[in-house]
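Participant: Below is one structure. I have some questions about it.
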Amino acid sequence: AGGFDTRDHPFPGNVTLISQSGAGMSGIVDCEERIQFNFAVSSGYELTVSMEDYLDYALDLPETRVVGLFLETSRYPNKLIQAFKKANQRNIPIVVLKVGRTNLAAELAVSHSGALAGNDKCYDALFHNYGVQRVEDMDQLAATLIMFAQTNLTAAGGLVCLHDSGGQRQLIIDLADRLSVHLTDLQNTTLNQLERLLDPGLPAVNPLDGWGAGGTDAPIKMAACFTTLLMDSGAALGAVFHDRGPNSKVYEPYLDYLYQAQSATGKPVFLVANRQGSGSDQLAITSTHQGFPVIDGATQFLVGARCLLNYRDFQLREPSQVDNLDQDKCEYWRARLRSENRVSETLASQCLADLGIPMLQSVLVSNQDELQSAAATVGFPLVLKTAKLGIDHKSNVGGVFLNILNESQLLGAYIDMTERLGPQAMIAPMVNSDGIEMILGISRDDQFGPTVVVGFGGMYAEVLADVSVLMPPFDSATVKRALQSLAMYELLVGPRGASKLAIDSYCEAAVTLSLFAVVLADTMVEVDINPIKLSVDGCLGLDAMMVLSEQD
């Protein structure tokens with residue numbers, strides 16, 4: 001549906017494309033004959049029918065095998081979520097190109113967690129929750145739709161590749177590593193079979209350079225090698241990487257490799273050129289329509305392969321199983337928090353600890369006598385912080401004194417703080433520095449409601465933003481997957497002989513916070529536990545902040 005000229009579209013196709021950009025639709029629909037569409041629409045201003053309505057409609061069409069979205073924003077978030085759920089129920093993958101990455105929401109946030117979440121990361125959390133596969137540009141969107149449109153299911157394992165160039169094989173290894181595409185580690189039986197097929201001097205590895213000296217029997221050997229690769233029990237899908245010929249010609253013998261391997265295994269197979277060039281070949285279109293896709297661009301193919309593998313893994317996930325929080329405690333804290341204009345760090349820590357998150361407890365003081373009495377109870381070394389309401393980041397105003405060893409140091413620090421920030425303060429035990437500083441937090445998105453931030457905290461949160469945003473509630477397995485996606489994850493599992501940290505305790509704390517985020521969504525705007533120290537023995541929140549929602 002659109003107001004522009006387009007090419008002929010034979011019916012029926014099996015790909016739906018819904019775009020909030022007219023050019024975003026026509027840029028693929030008009031010029032990509034390898035995709036056969038059953039429904040394509042630009043939703044325009046959405047004055048009467050929205051993108052979410054079109055998506056719901058397309059999911060009911062019997063021909064729809066995959067849906068592509070060019071998404072600027074969702075005007076009806078609840079409708080979008082319901083459509084994603086319907087797609088899950090019907091095993092229809094959705095591939096989205098989401099544009100409009102903005103930091104505006106992060107600039108308006110008070111807590112670290114709110115700033116780290118941001119609007120775009122909330123969309124990432126939504127997509128992760130419903131198995132929606134995200135791509136970065138139009139070429140990736142088109143290639144991934146082509147790959148999902150073929151009808152063979154992705155098997156267990158990773159990607160196997162056949163090449164006729166050692167240099168381009170190395171290129172694919174580098175790109176696959178950067179794009180997080182798992183390359184299959186071949187079984188010994190596969191390696192032995194390949195060694196019998198290969199010319200002397202060619203290593204039996206994946207990706208495989210099988211060309212050798214060439215010769216008249218080279219196509220036969222290459223076809224046999226590709227079938228052998230794909231028959232490996234760890235091969236989920238396979239690709240033959242051969243560049244196109246003069247004028248972008250597709251050589252038919254290359255397709256024979258695909259026919260033989262798919263006939264033997266039933267697994268998805270693709271012919272991939274590193275790039276297309278300026279010519280064209282009708283064989284690329286007809287072969288794709290017959291279930292043997294020809295893909296141009298190594299990066300585009302690898303992104304599509306990652307989407308196929310990730311969607312397969314999403315379908316295999318067990319549904320999240322989480323317990324409920326104590327409802328009496330939730331009601332108590334809802335009433336208690338609503339009675340406050342601002343929540344002190346001490347009260348925030350008490351609330352979180354009562355609901356099951358390990359938190360360091362502090363003592364509020366307002367004069368020197370209370371300070372000395374509290375210090376005698378807490379013991380040295382300790383931490384002194386300002387408790388003046390309205391100061392969200394205490395260290396920024398010199399409101400934190402660490403590792404105070406005796407009463408003399410404590411009184412000196414308190415007098416200094418009192419002169420600058422007033423007498424309201426808190427003291428807490430000084431925690432051993434061993435471990436990694438993490439973050440846990442809640443942020444409320446205007447479109448999708450509460451989200452939970454997990455990842456590396458302290459200075460890491462401010463400098464590296466190595467975090468993941470999740471839609472609550474969720475289970476420990478979801479948190480662990482999120483942590484494994486972070487750049488610094490190896491720090492948590494004991495690099496270079498270091499002890500493995502108690503990741504499970506952190507995951508359990510995150511699960512509890514996710515339940516808190518849902519149950520008290522009407523009370524909280526933001527929660528920040530930063531840092532939460534993760535050690536070999538467990539985790540402990542050292543600092544907490546809560547931002548209340550405005551009450552009517």
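To be explicit about the labels: the chains of the structure tokens are called A, B, and onward in the order shown, and within each one the residues are counted from 1, while ligands get numbers from 1 in the order they are shown.
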Excluding A:Asn152 and residues on its chain fewer than 3 positions from it, collect all residues at most 8 Å away from it, counting only C-alpha atoms, and give them as an mmCIF file with N, CA and C atoms, in the first residue's frame.

Facilitator:
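Below is the file that was written, out.cif:
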```cif
data_model
loop_
_atom_site.group_PDB
_atom_site.id
_atom_site.type_symbol
_atom_site.label_atom_id
_atom_site.label_comp_id
_atom_site.auth_asym_id
_atom_site.auth_seq_id
_atom_site.Cartn_x
_atom_site.Cartn_y
_atom_site.Cartn_z
ATOM 1 N N GLY A 266 19.227 -30.913 5.095
ATOM 2 C CA GLY A 266 18.015 -30.151 5.381
ATOM 3 C C GLY A 266 18.275 -28.845 6.114
ATOM 4 N N LYS A 267 19.533 -28.424 6.192
ATOM 5 C CA LYS A 267 19.873 -27.200 6.923
ATOM 6 C C LYS A 267 19.906 -25.989 5.989
ATOM 7 N N PRO A 268 19.748 -24.782 6.536
ATOM 8 C CA PRO A 268 19.794 -23.581 5.689
ATOM 9 C C PRO A 268 21.174 -23.392 5.062
#
```

Participant: Might you pull out every residue within 6 Å of stretch 204-221 of chain A, with only C-alpha atoms counted and same-chain residues fewer than 6 positions away left off, and present them as number ranges by chain?

Facilitator: A: 161-166, 191, 194-195

Participant: For C-alpha atoms, I'd like the residues from the last selection saved as a PDB file, in the first residue's frame.

Facilitator:
```pdb
ATOM      1  CA  CYS A 161      31.742 -21.659   5.793  1.00  0.00           C
ATOM      2  CA  LEU A 162      33.465 -22.780   2.596  1.00  0.00           C
ATOM      3  CA  HIS A 163      35.884 -20.455   0.795  1.00  0.00           C
ATOM      4  CA  ASP A 164      38.156 -20.425  -2.224  1.00  0.00           C
ATOM      5  CA  SER A 165      40.515 -17.875  -0.682  1.00  0.00           C
ATOM      6  CA  GLY A 166      42.665 -18.048   2.420  1.00  0.00           C
ATOM      7  CA  LEU A 191      38.053 -33.207  10.355  1.00  0.00           C
ATOM      8  CA  LEU A 194      37.877 -33.243   5.223  1.00  0.00           C
ATOM      9  CA  GLU A 195      41.530 -34.254   5.334  1.00  0.00           C
TER      10      GLU A 195
END
```

Participant: Write out as a list in words which residues come within 12 Å of A:Ser280 when counting only C-alpha atoms, dropping same-chain ones fewer than 6 positions away.

Facilitator: Cys31, Glu32, Glu33, Arg34, Arg244, Gly245, Pro246, Asn247, Ser248, Lys249, Val250, Val294 and Asp296 of chain A

Participant: Dump N, CA and C atoms for the selected residues as a tab-separated table (two decimals), in the first residue's frame?

Facilitator:
```
chain	number	residue	atom	x	y	z
A	31	CYS	N	13.42	-2.22	-5.22
A	31	CYS	CA	14.66	-2.61	-5.88
A	31	CYS	C	15.22	-3.94	-5.41
A	32	GLU	N	14.56	-4.64	-4.52
A	32	GLU	CA	15.09	-5.91	-4.03
A	32	GLU	C	14.16	-7.05	-4.47
A	33	GLU	N	14.43	-7.57	-5.69
A	33	GLU	CA	13.56	-8.60	-6.25
A	33	GLU	C	13.76	-9.96	-5.58
A	34	ARG	N	14.81	-10.12	-4.81
A	34	ARG	CA	15.00	-11.39	-4.12
A	34	ARG	C	13.97	-11.60	-3.02
A	244	ARG	N	31.29	-12.95	-6.88
A	244	ARG	CA	30.65	-13.03	-8.19
A	244	ARG	C	31.68	-12.88	-9.30
A	245	GLY	N	31.29	-13.33	-10.50
A	245	GLY	CA	32.16	-13.22	-11.66
A	245	GLY	C	32.01	-11.90	-12.37
A	246	PRO	N	32.55	-11.79	-13.59
A	246	PRO	CA	32.42	-10.56	-14.38
A	246	PRO	C	30.96	-10.14	-14.52
A	247	ASN	N	30.73	-8.82	-14.42
A	247	ASN	CA	29.37	-8.26	-14.51
A	247	ASN	C	28.46	-8.82	-13.42
A	248	SER	N	29.05	-9.19	-12.28
A	248	SER	CA	28.30	-9.72	-11.12
A	248	SER	C	27.62	-11.04	-11.42
A	249	LYS	N	28.19	-11.82	-12.32
A	249	LYS	CA	27.62	-13.12	-12.67
A	249	LYS	C	27.71	-14.08	-11.49
A	250	VAL	N	26.65	-14.89	-11.33
A	250	VAL	CA	26.65	-15.97	-10.34
A	250	VAL	C	26.95	-17.27	-11.07
A	294	VAL	N	21.00	-16.02	-2.39
A	294	VAL	CA	22.27	-15.40	-2.76
A	294	VAL	C	22.33	-14.06	-2.04
A	296	ASP	N	24.62	-10.65	-0.88
A	296	ASP	CA	25.77	-9.81	-1.22
A	296	ASP	C	26.21	-9.03	0.01
```

Participant: Do a neighbour search on stretch 356-362 of chain A at 7 Å with only C-alpha atoms, toss out local chain neighbours closer than 6 positions, and write the hits as an NGL selection string.

Facilitator: :A and (346 or 349-350 or 426-428 or 509 or 512 or 539-542)

Participant: Give me the residues near A:Pro381 as a ChimeraX atom specification, where near means some atom within 8 Å (using only C-alpha atoms) and where sequence neighbours in that chain fewer than 2 positions away do not count.

Facilitator: /A:379,383,403-406,429-430

Participant: Store the residues picked out above, limited to C-alpha atoms, as a PDB file, in the first residue's frame.

Facilitator:
```pdb
ATOM      1  CA  GLY A 379      32.942   0.498  64.847  1.00  0.00           C
ATOM      2  CA  VAL A 383      32.300   5.868  56.107  1.00  0.00           C
ATOM      3  CA  ASN A 403      38.054   4.742  55.544  1.00  0.00           C
ATOM      4  CA  ILE A 404      37.839   6.826  58.722  1.00  0.00           C
ATOM      5  CA  LEU A 405      40.040   4.996  61.245  1.00  0.00           C
ATOM      6  CA  ASN A 406      39.408   6.734  64.583  1.00  0.00           C
ATOM      7  CA  PRO A 429      30.939   0.338  58.124  1.00  0.00           C
ATOM      8  CA  MET A 430      33.793   0.629  55.635  1.00  0.00           C
TER       9      MET A 430
END
```

Participant: Pick out the closest residue to A:Thr478 from this set: A:Leu308, A:Ala348, A:Val322, A:Met459. Count only C-alpha atoms.

Facilitator: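 With only C-alpha atoms as the atom set, the closest residue is A:Val322.
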
Participant: Check the smallest atom-to-atom distance from each of A:Leu198, A:Val397, A:Leu159, A:Ala353 to A:Leu421 using only C-alpha atoms, then report the winner.

Facilitator: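 Under the stated criterion, the closest residue is A:Val397.
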
Participant: Smallest atom-to-atom distance to A:Asp504: which of A:Val525, A:Ile146, A:Val378, A:Leu534, using only C-alpha atoms?

Facilitator: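 Of all the options, A:Leu534 lies closest to A:Asp504.
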
Participant: Any chance you could tabulate, as a Markdown table, the residues of stretch 104-187 of chain A at most 12 Å from stretch 80-99 of chain A with each one's nearest atom pair and distance in Å to one decimal, using only C-alpha atoms, in chain and rising number order?

Facilitator:
```
| residue | atom | partner | partner_atom | distance |
| --- | --- | --- | --- | --- |
| A:Asn119 | CA | A:Val99 | CA | 11.4 |
| A:Asp120 | CA | A:Lys98 | CA | 8.6 |
| A:Lys121 | CA | A:Lys98 | CA | 11.1 |
| A:Cys122 | CA | A:Lys98 | CA | 11.7 |
| A:Tyr123 | CA | A:Lys98 | CA | 8.4 |
| A:Asp124 | CA | A:Lys98 | CA | 9.4 |
| A:Ala125 | CA | A:Ile81 | CA | 12.0 |
| A:Leu126 | CA | A:Ile81 | CA | 8.2 |
| A:Phe127 | CA | A:Val96 | CA | 8.7 |
| A:His128 | CA | A:Phe84 | CA | 11.0 |
| A:Asn129 | CA | A:Phe84 | CA | 9.4 |
| A:Tyr130 | CA | A:Phe84 | CA | 6.2 |
| A:Gly131 | CA | A:Pro93 | CA | 7.7 |
| A:Val132 | CA | A:Ile94 | CA | 5.2 |
| A:Gln133 | CA | A:Val95 | CA | 4.7 |
| A:Arg134 | CA | A:Val96 | CA | 4.9 |
| A:Val135 | CA | A:Leu97 | CA | 5.3 |
| A:Glu136 | CA | A:Leu97 | CA | 6.0 |
| A:Asp137 | CA | A:Leu97 | CA | 6.5 |
| A:Met138 | CA | A:Leu97 | CA | 7.5 |
| A:Asp139 | CA | A:Leu97 | CA | 10.3 |
| A:Gln140 | CA | A:Leu97 | CA | 8.7 |
| A:Leu141 | CA | A:Leu97 | CA | 6.7 |
| A:Ala142 | CA | A:Val95 | CA | 9.6 |
| A:Ala143 | CA | A:Val95 | CA | 10.6 |
| A:Thr144 | CA | A:Val95 | CA | 7.5 |
| A:Leu145 | CA | A:Val95 | CA | 7.3 |
| A:Ile146 | CA | A:Val95 | CA | 11.0 |
| A:Met147 | CA | A:Val95 | CA | 11.0 |
| A:Phe148 | CA | A:Pro93 | CA | 7.8 |
| A:Ala149 | CA | A:Pro93 | CA | 9.8 |
| A:Thr151 | CA | A:Ile92 | CA | 11.9 |
| A:Leu153 | CA | A:Asn91 | CA | 11.4 |
```

Participant: Go ahead and save the residues from that selection, with N, CA and C atoms, as a compact mmCIF listing (two decimals), in the first residue's frame.

Facilitator:
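Contents of the output file selection30.txt:
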```txt
# COMPACT_ATOMS: atom_id res chain seq x y z
N ASN A 119 16.23 6.07 26.17
CA ASN A 119 15.11 5.56 25.40
C ASN A 119 15.49 4.41 24.49
N ASP A 120 16.64 4.52 23.82
CA ASP A 120 17.01 3.49 22.85
C ASP A 120 17.30 2.17 23.53
N LYS A 121 17.94 2.20 24.70
CA LYS A 121 18.21 0.96 25.41
C LYS A 121 16.93 0.32 25.92
N CYS A 122 15.90 1.12 26.16
CA CYS A 122 14.61 0.55 26.54
C CYS A 122 14.02 -0.23 25.36
N TYR A 123 14.19 0.28 24.14
CA TYR A 123 13.76 -0.49 22.97
C TYR A 123 14.55 -1.78 22.85
N ASP A 124 15.87 -1.70 23.11
CA ASP A 124 16.67 -2.92 23.09
C ASP A 124 16.14 -3.94 24.09
N ALA A 125 15.78 -3.46 25.29
CA ALA A 125 15.24 -4.36 26.31
C ALA A 125 13.93 -4.98 25.85
N LEU A 126 13.08 -4.19 25.21
CA LEU A 126 11.82 -4.71 24.68
C LEU A 126 12.08 -5.77 23.62
N PHE A 127 12.98 -5.48 22.68
CA PHE A 127 13.28 -6.44 21.62
C PHE A 127 13.85 -7.73 22.20
N HIS A 128 14.75 -7.61 23.17
CA HIS A 128 15.34 -8.79 23.80
C HIS A 128 14.26 -9.63 24.47
N ASN A 129 13.30 -8.98 25.09
CA ASN A 129 12.27 -9.69 25.83
C ASN A 129 11.38 -10.53 24.92
N TYR A 130 11.21 -10.09 23.69
CA TYR A 130 10.29 -10.78 22.77
C TYR A 130 11.00 -11.38 21.56
N GLY A 131 12.31 -11.49 21.62
CA GLY A 131 13.03 -12.15 20.54
C GLY A 131 13.04 -11.41 19.23
N VAL A 132 12.83 -10.10 19.26
CA VAL A 132 12.85 -9.28 18.05
C VAL A 132 14.31 -9.02 17.69
N GLN A 133 14.65 -9.25 16.43
CA GLN A 133 16.03 -9.14 15.98
C GLN A 133 16.29 -7.75 15.40
N ARG A 134 17.30 -7.07 15.96
CA ARG A 134 17.58 -5.69 15.55
C ARG A 134 18.76 -5.63 14.59
N VAL A 135 18.61 -4.83 13.53
CA VAL A 135 19.68 -4.59 12.57
C VAL A 135 19.97 -3.10 12.52
N GLU A 136 21.04 -2.72 11.82
CA GLU A 136 21.54 -1.35 11.90
C GLU A 136 21.29 -0.52 10.65
N ASP A 137 21.04 -1.15 9.50
CA ASP A 137 20.85 -0.35 8.29
C ASP A 137 19.97 -1.11 7.30
N MET A 138 19.70 -0.47 6.17
CA MET A 138 18.77 -1.03 5.19
C MET A 138 19.32 -2.29 4.54
N ASP A 139 20.62 -2.32 4.27
CA ASP A 139 21.21 -3.52 3.67
C ASP A 139 21.07 -4.71 4.62
N GLN A 140 21.34 -4.50 5.90
CA GLN A 140 21.20 -5.58 6.87
C GLN A 140 19.75 -6.03 6.98
N LEU A 141 18.82 -5.08 6.95
CA LEU A 141 17.40 -5.43 7.03
C LEU A 141 17.00 -6.30 5.84
N ALA A 142 17.37 -5.90 4.63
CA ALA A 142 17.00 -6.67 3.44
C ALA A 142 17.63 -8.05 3.47
N ALA A 143 18.93 -8.14 3.79
CA ALA A 143 19.60 -9.44 3.81
C ALA A 143 18.99 -10.37 4.84
N THR A 144 18.68 -9.83 6.02
CA THR A 144 18.13 -10.67 7.08
C THR A 144 16.73 -11.15 6.73
N LEU A 145 15.93 -10.32 6.08
CA LEU A 145 14.60 -10.77 5.63
C LEU A 145 14.73 -11.88 4.61
N ILE A 146 15.67 -11.75 3.68
CA ILE A 146 15.91 -12.81 2.69
C ILE A 146 16.24 -14.12 3.39
N MET A 147 17.09 -14.04 4.39
CA MET A 147 17.56 -15.26 5.06
C MET A 147 16.46 -15.91 5.89
N PHE A 148 15.62 -15.12 6.54
CA PHE A 148 14.51 -15.69 7.30
C PHE A 148 13.42 -16.23 6.38
N ALA A 149 13.34 -15.71 5.14
CA ALA A 149 12.26 -16.12 4.24
C ALA A 149 12.45 -17.54 3.73
N THR A 151 12.87 -21.52 3.99
CA THR A 151 12.00 -22.31 4.87
C THR A 151 12.71 -23.35 5.73
N LEU A 153 14.76 -24.72 8.82
CA LEU A 153 14.96 -24.26 10.19
C LEU A 153 16.43 -24.30 10.58
```

Participant: Going by DSSP on the backbone, which residues of stretch 444-499 of chain A come out as alpha helix (DSSP H)? List them as a tab-separated table (two decimals) with N, CA and C atoms, in the first residue's frame.

Facilitator:
```tsv
chain	number	residue	atom	x	y	z
A	459	MET	N	32.84	3.77	38.92
A	459	MET	CA	33.41	4.59	37.84
A	459	MET	C	33.12	3.98	36.48
A	460	TYR	N	32.94	2.64	36.41
A	460	TYR	CA	32.63	2.00	35.14
A	460	TYR	C	31.32	2.54	34.57
A	461	ALA	N	30.34	2.78	35.45
A	461	ALA	CA	29.04	3.25	34.99
A	461	ALA	C	29.17	4.61	34.31
A	462	GLU	N	30.00	5.47	34.87
A	462	GLU	CA	30.12	6.82	34.34
A	462	GLU	C	30.99	6.88	33.08
A	463	VAL	N	32.02	6.04	33.04
A	463	VAL	CA	33.00	6.14	31.94
A	463	VAL	C	32.66	5.20	30.79
A	476	SER	N	16.89	-15.37	36.92
A	476	SER	CA	18.35	-15.30	37.02
A	476	SER	C	19.03	-15.61	35.70
A	477	ALA	N	18.45	-16.54	34.92
A	477	ALA	CA	19.05	-16.90	33.63
A	477	ALA	C	19.09	-15.69	32.70
A	478	THR	N	18.05	-14.86	32.75
A	478	THR	CA	18.02	-13.66	31.92
A	478	THR	C	19.13	-12.69	32.31
A	479	VAL	N	19.34	-12.54	33.62
A	479	VAL	CA	20.40	-11.65	34.09
A	479	VAL	C	21.76	-12.17	33.65
A	480	LYS	N	21.95	-13.47	33.77
A	480	LYS	CA	23.25	-14.05	33.42
A	480	LYS	C	23.53	-13.86	31.93
A	481	ARG	N	22.52	-14.04	31.08
A	481	ARG	CA	22.71	-13.80	29.64
A	481	ARG	C	23.09	-12.34	29.39
A	482	ALA	N	22.44	-11.43	30.11
A	482	ALA	CA	22.74	-10.01	29.95
A	482	ALA	C	24.18	-9.70	30.35
A	483	LEU	N	24.63	-10.28	31.46
A	483	LEU	CA	26.01	-10.05	31.90
A	483	LEU	C	27.00	-10.61	30.90
A	484	GLN	N	26.70	-11.77	30.34
A	484	GLN	CA	27.61	-12.39	29.37
A	484	GLN	C	27.75	-11.57	28.10
```

Participant: Would you list the contacts of A:Leu486 as a list in words, taking every protein, DNA or RNA residue within 9 Å and counting only C-alpha atoms, but skipping same-chain residues closer than 5 positions in sequence?

Facilitator: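 Using only C-alpha atoms, the neighbours found are Gly455, Phe456, Asp466, Val467 and Ser468 of chain A.
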
Participant: Keeping only C-alpha atoms, write the selected residues to a file as a compact mmCIF listing (two decimals), in the first residue's frame.

Facilitator:
```txt
# COMPACT_ATOMS: atom_id res chain seq x y z
CA GLY A 455 26.04 -4.26 34.71
CA PHE A 456 29.24 -2.63 35.86
CA ASP A 466 28.93 -1.29 30.20
CA VAL A 467 25.37 -2.18 31.17
CA SER A 468 22.30 -3.95 29.85
```

Participant: Name the residues of stretch 186-380 of chain A that come out as strand (DSSP E) in a backbone DSSP run; write them as a list in words.

Facilitator: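 Output for stretch 186-380 of chain A, strand (DSSP E) only: Leu208, Asp209, Ala235, Ala236, Leu237, Gly238, Ala239, Val240, Phe241, Val269, Phe270, Leu271, Val272, Ala273, Val294, Ile295, Asp296, Val363, Leu364 and Val365 of chain A.
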
Participant: Keeping only C-alpha atoms, write the selected residues to a file as a compact mmCIF listing (two decimals), in the first residue's frame.

Facilitator:
```
# COMPACT_ATOMS: atom_id res chain seq x y z
CA LEU A 208 37.49 -23.89 5.27
CA ASP A 209 39.56 -22.87 2.26
CA ALA A 235 26.63 -27.01 12.11
CA ALA A 236 23.45 -24.94 12.31
CA LEU A 237 23.68 -23.35 8.86
CA GLY A 238 26.22 -23.06 6.09
CA ALA A 239 27.53 -20.55 3.60
CA VAL A 240 29.63 -20.78 0.47
CA PHE A 241 31.68 -17.58 0.20
CA VAL A 269 22.44 -22.79 3.05
CA PHE A 270 23.51 -19.53 1.44
CA LEU A 271 25.76 -18.35 -1.38
CA VAL A 272 27.57 -15.21 -0.24
CA ALA A 273 29.66 -12.72 -2.18
CA VAL A 294 22.27 -15.40 -2.76
CA ILE A 295 23.47 -12.71 -0.35
CA ASP A 296 25.77 -9.81 -1.22
CA VAL A 363 22.85 5.21 60.89
CA LEU A 364 21.53 8.77 60.62
CA VAL A 365 22.99 11.44 62.92
```
